[in-house]
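Here is the structure we will look at.
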Amino acid sequence: MRHGLIQWDEADLSTESVRARQARLQQALVDEGLDGLLIYTNHVRSAAVTWATGFTPYWSDALWLQPTEGAPLFATALSKRVGNWIAATNPTSEIEHSPKPGGLIGARLTRLGAARLGVVELDRMPAGLMAEVVDTCKAELVDATELFAAVRAAPEAVEAQLAVKAAAIADEALASIPALRTCAGDVMQAVELSARLAGAEEVYVAVAPDLSRDTRFARVKGATPLAARFAIRVTLARHGVWIRRIATFARDHDDGTLAKIATWFDTACLDLAPVSGLANKLSETPLPAGLNLTAWFVEAPAVGRPLQIVGEDGQDLVRTYGMANLTLCLSSNDGPVLLGGPLLTKQTL
């Protein structure tokens with residue numbers, strides 16, 4: 001179950017913007033000779049439906065159907081007890097409730113006379129739900145993962161604006177860590193509290209408590225001690241746009257070195273974009289004196305999951321993304337430095 005603030009905000013993400021996304025999906029379906037698009041969602045695999053509707057599903061199975069004409073259908077196993085809330089946060093879809101949401105989808109497809117149905121991540125669809133669909137509908141099932149991914153990846157201004165707002169929430173949260181930095185629990189609690197109070201829908205805070213020993217992040221709790229140099233990773237969502245912000249800290253005293261490196265990273269990101277060729281661009285980016293790039297990777301929304309690695313050492317990006325998150329691992333005489341933040345494509349819809 002999600003714990004953050006989930007409500008519709010027309011100023012941040014308008015119904016007009018969401019319907020424009022749905023219209024692009026409809027055009028792609030027509031171009032491929034498909035009669036509709038079906039997407040599965042649950043707590044973990046919510047990103048595709050969130051992008052297509054602006055609604056953040058939680059805890060229960062649901063299916064979302066976009067026909068080539070008309071409004072989409074959101075069929076959920078959640079009871080009607082939460083129907084008003086779903087409708088208030090998913091205003092562009094028709095909402096129906098059933099313990100067998102696949103049956104609702106199949107019946108709708110039959111009424112529409114659908115012959116070919118595109119299914120996002122067809123090979124990962126729950127067998128029970130798909131059985132409910134095919135028992136009530138005889139449409140041919142076609143994998144439409146790439147179709148959705150291509151439409152989803154197109155840069156758009158509203159997503160870029162949300163990414164900037166989400167990054168600002170993360171920056172404010174990282175700035176809230178206490179001056180006394182002795183254990184992981186103290187800094188993680190401060191960061192999460194700040195992000196949630198600022199309106200993040202979901203927040204995950206992780207720490208690498210001793211960079212001299214291990215650069216991997218973990219969601220450790222309580223009295224885990226912080227070493228002389230540690231890093232914090234904030235992963236949060238704002239209206240379905242997920243960003244990661246990573247910063248490296250000195251436990252006792254920073255002589256300004258880490259702050260200067262962080263400023264360099266933010267400036268460098270303004271000149272980078274999540275597009276094919278990023279690997280070469282990174283290799284050509286001048287580093288601050290005394291630093292070496294040891295590893296990098298880029299994460300972007302990938303169909304059902306909000307973040308997935310789409311580029312890394314030895315693997316360039318294969319398409320343009322509207323926004324993505326860059327993580328760098330740098331080495332220095334004083335130990336590793338971890339940095340992370342969003343990248344935006346300059347040309348947006």
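Following the order of the structure tokens, first chain is A, next is B, and so on, with residues numbered from 1 inside each chain and ligands from 1 in the order they appear.
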
Q. In segment 21-109 of chain A, what's alpha helix (DSSP H) per DSSP? Answer as a ChimeraX atom specification?
A. /A:21-31,47-53,83-89,101-109

Please build the interface table for segment 138-184 of chain A against segment 239-245 of chain A with a cut-off of 7 Å, listing for each qualifying residue the nearest atom pair and the distance in Å to one decimal; count only C-alpha atoms, order rows by chain and increasing number, and write it as CSV.
```
residue,atom,partner,partner_atom,distance
A:Glu159,CA,A:Val241,CA,6.9
A:Leu162,CA,A:Val241,CA,6.5
A:Ala163,CA,A:Val241,CA,6.2
A:Ala166,CA,A:Ile243,CA,6.7
A:Ala167,CA,A:Ile243,CA,6.6
A:Ala170,CA,A:Arg245,CA,6.4
```

Write out as a PyMOL selection string each polymer residue whose atoms come within 6 Å of segment 293-310 of chain A, counting only C-alpha atoms; drop sequence neighbours fewer than 5 positions from it.
chain A and resi 45-48+149+317+324-330

query = Can you list, as an MDAnalysis selection string, every protein, DNA or RNA residue that comes within 10 Å of segment 202-213 of chain A when you count only C-alpha atoms, leaving out same-chain residues fewer than 2 positions away?
reply = chainID A and resid 2:6 170 183:185 187:189 191:193 195:196 199:200 215:221 224:240 242:249 251 334:338

Any chance you could export the current selection's C-alpha atoms as a PDB file, in the first residue's frame?
```
ATOM      1  CA  ARG A   2       1.217   3.505  -0.779  1.00  0.00           C
ATOM      2  CA  HIS A   3       1.607   5.998   2.032  1.00  0.00           C
ATOM      3  CA  GLY A   4       1.993   9.386   0.327  1.00  0.00           C
ATOM      4  CA  LEU A   5      -0.405  12.069  -0.832  1.00  0.00           C
ATOM      5  CA  ILE A   6      -2.381  10.966  -3.909  1.00  0.00           C
ATOM      6  CA  ALA A 170      14.262  15.772  -3.266  1.00  0.00           C
ATOM      7  CA  CYS A 183      23.577   7.171  12.392  1.00  0.00           C
ATOM      8  CA  ALA A 184      21.596   6.324   9.283  1.00  0.00           C
ATOM      9  CA  GLY A 185      18.204   6.469  10.968  1.00  0.00           C
ATOM     10  CA  VAL A 187      19.273  11.306   8.310  1.00  0.00           C
ATOM     11  CA  MET A 188      16.831   8.950   6.588  1.00  0.00           C
ATOM     12  CA  GLN A 189      13.970   9.968   8.845  1.00  0.00           C
ATOM     13  CA  VAL A 191      14.757  13.164   4.435  1.00  0.00           C
ATOM     14  CA  GLU A 192      11.571  11.105   4.203  1.00  0.00           C
ATOM     15  CA  LEU A 193       9.607  13.455   6.447  1.00  0.00           C
ATOM     16  CA  ALA A 195       9.665  14.803   1.073  1.00  0.00           C
ATOM     17  CA  ARG A 196       6.281  13.587   2.276  1.00  0.00           C
ATOM     18  CA  GLY A 199       3.661  16.380  -1.381  1.00  0.00           C
ATOM     19  CA  ALA A 200       5.592  13.402  -2.734  1.00  0.00           C
ATOM     20  CA  THR A 215      28.981   1.912  -2.599  1.00  0.00           C
ATOM     21  CA  ARG A 216      25.730  -0.065  -2.666  1.00  0.00           C
ATOM     22  CA  PHE A 217      22.587   1.492  -1.243  1.00  0.00           C
ATOM     23  CA  ALA A 218      20.329  -0.165   1.312  1.00  0.00           C
ATOM     24  CA  ARG A 219      17.229   0.869   3.220  1.00  0.00           C
ATOM     25  CA  VAL A 220      18.874   0.418   6.592  1.00  0.00           C
ATOM     26  CA  LYS A 221      17.189   1.574   9.769  1.00  0.00           C
ATOM     27  CA  THR A 224      23.592   1.926  11.680  1.00  0.00           C
ATOM     28  CA  PRO A 225      26.648   4.173  12.069  1.00  0.00           C
ATOM     29  CA  LEU A 226      27.664   6.618   9.358  1.00  0.00           C
ATOM     30  CA  ALA A 227      31.311   6.671   8.281  1.00  0.00           C
ATOM     31  CA  ALA A 228      33.366   9.727   7.406  1.00  0.00           C
ATOM     32  CA  ARG A 229      31.879   9.727   3.897  1.00  0.00           C
ATOM     33  CA  PHE A 230      28.413   8.386   3.075  1.00  0.00           C
ATOM     34  CA  ALA A 231      25.746   8.829   0.396  1.00  0.00           C
ATOM     35  CA  ILE A 232      21.966   9.150   0.405  1.00  0.00           C
ATOM     36  CA  ARG A 233      19.628   8.207  -2.446  1.00  0.00           C
ATOM     37  CA  VAL A 234      16.126   9.671  -2.558  1.00  0.00           C
ATOM     38  CA  THR A 235      13.650   8.045  -4.932  1.00  0.00           C
ATOM     39  CA  LEU A 236      10.289   9.795  -5.092  1.00  0.00           C
ATOM     40  CA  ALA A 237       7.266  10.306  -7.297  1.00  0.00           C
ATOM     41  CA  ARG A 238       5.232  13.357  -8.201  1.00  0.00           C
ATOM     42  CA  HIS A 239       2.094  12.583 -10.226  1.00  0.00           C
ATOM     43  CA  GLY A 240       3.660   9.405 -11.517  1.00  0.00           C
ATOM     44  CA  TRP A 242       9.793   9.184 -10.582  1.00  0.00           C
ATOM     45  CA  ILE A 243      13.190  10.724  -9.982  1.00  0.00           C
ATOM     46  CA  ARG A 244      16.311   9.666  -8.127  1.00  0.00           C
ATOM     47  CA  ARG A 245      18.525  12.178  -6.396  1.00  0.00           C
ATOM     48  CA  ILE A 246      21.851  11.015  -4.979  1.00  0.00           C
ATOM     49  CA  ALA A 247      24.240  13.081  -2.893  1.00  0.00           C
ATOM     50  CA  THR A 248      27.500  12.311  -1.088  1.00  0.00           C
ATOM     51  CA  PHE A 249      28.104  13.764   2.374  1.00  0.00           C
ATOM     52  CA  ARG A 251      29.836  13.071   8.369  1.00  0.00           C
ATOM     53  CA  ASP A 334      39.419  10.648  -0.562  1.00  0.00           C
ATOM     54  CA  GLY A 335      37.165   7.792  -1.673  1.00  0.00           C
ATOM     55  CA  PRO A 336      34.135   7.265  -3.929  1.00  0.00           C
ATOM     56  CA  VAL A 337      31.651  10.007  -4.754  1.00  0.00           C
ATOM     57  CA  LEU A 338      28.111   9.024  -5.780  1.00  0.00           C
TER      58      LEU A 338
END
```

field: Top pick for closest residue to Asp135 of chain A, considering A:Ala153, A:Leu109, A:Ala179, A:Met323 and counting only C-alpha atoms
entry: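 Closest candidate: A:Leu109.
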
- Using only C-alpha atoms, which residue out of A:Gln7, A:Thr182, A:Ser98, A:Gln26 lies closest to Pro57 of chain A?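 Between A:Gln7, A:Thr182, A:Ser98, A:Gln26, the residue approaching Pro57 of chain A most closely is A:Gln7.
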
Q.
I'd like the neighbourhood of Thr41 of chain A as a ChimeraX atom specification, where a residue qualifies if any of its atoms comes within 12 Å (using only C-alpha atoms), though same-chain residues fewer than 2 positions away should be ignored.
A. /A:38-39,43-53,55-65,74-77,101,120-121,124-126,129,303-306

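Going from atom CA of Glu146 of chain A to atom CA of Leu73 of chain A covers 21.4 Å.
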
* Determine the nearest neighbour of Ala268 of chain A from the options A:Leu291, A:Thr136, A:Leu343, A:Ser79, counting only C-alpha atoms. =>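 Smallest separation from Ala268 of chain A among the options: A:Leu343.
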
**Asked** What lies within 8 Å of Thr68 of chain A using only C-alpha atoms, ignoring chain neighbours under 5 positions off, as a PyMOL selection string?
**Response** chain A and resi 26-27+29-30+34-36

Prev. selection, C-alpha atoms, output as a PDB file, in the first residue's frame:
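Okay, this is what ended up in part_3.pdb:
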```pdb
ATOM      1  CA  GLN A  26      -5.201   5.710 -30.005  1.00  0.00           C
ATOM      2  CA  GLN A  27      -3.421   6.922 -33.125  1.00  0.00           C
ATOM      3  CA  LEU A  29      -3.299   1.615 -32.296  1.00  0.00           C
ATOM      4  CA  VAL A  30      -4.996   2.678 -35.513  1.00  0.00           C
ATOM      5  CA  LEU A  34      -5.411  -2.784 -33.388  1.00  0.00           C
ATOM      6  CA  ASP A  35      -8.823  -2.236 -31.820  1.00  0.00           C
ATOM      7  CA  GLY A  36      -7.656  -1.503 -28.290  1.00  0.00           C
TER       8      GLY A  36
END
```

**Message:** Which residue is closest to Thr267 of chain A? Choose from A:Leu141, A:Ile86, A:Leu287, A:Val119 and count only C-alpha atoms.
**Reply:**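 Among the listed residues, A:Leu287 lies closest to Thr267 of chain A.
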
Atomic distance atom CA of Ala150 of chain A - atom CA of Val318 of chain A, expressed in Å with one decimal:
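We find that atom CA of Ala150 of chain A and atom CA of Val318 of chain A lie 11.2 Å from each other.
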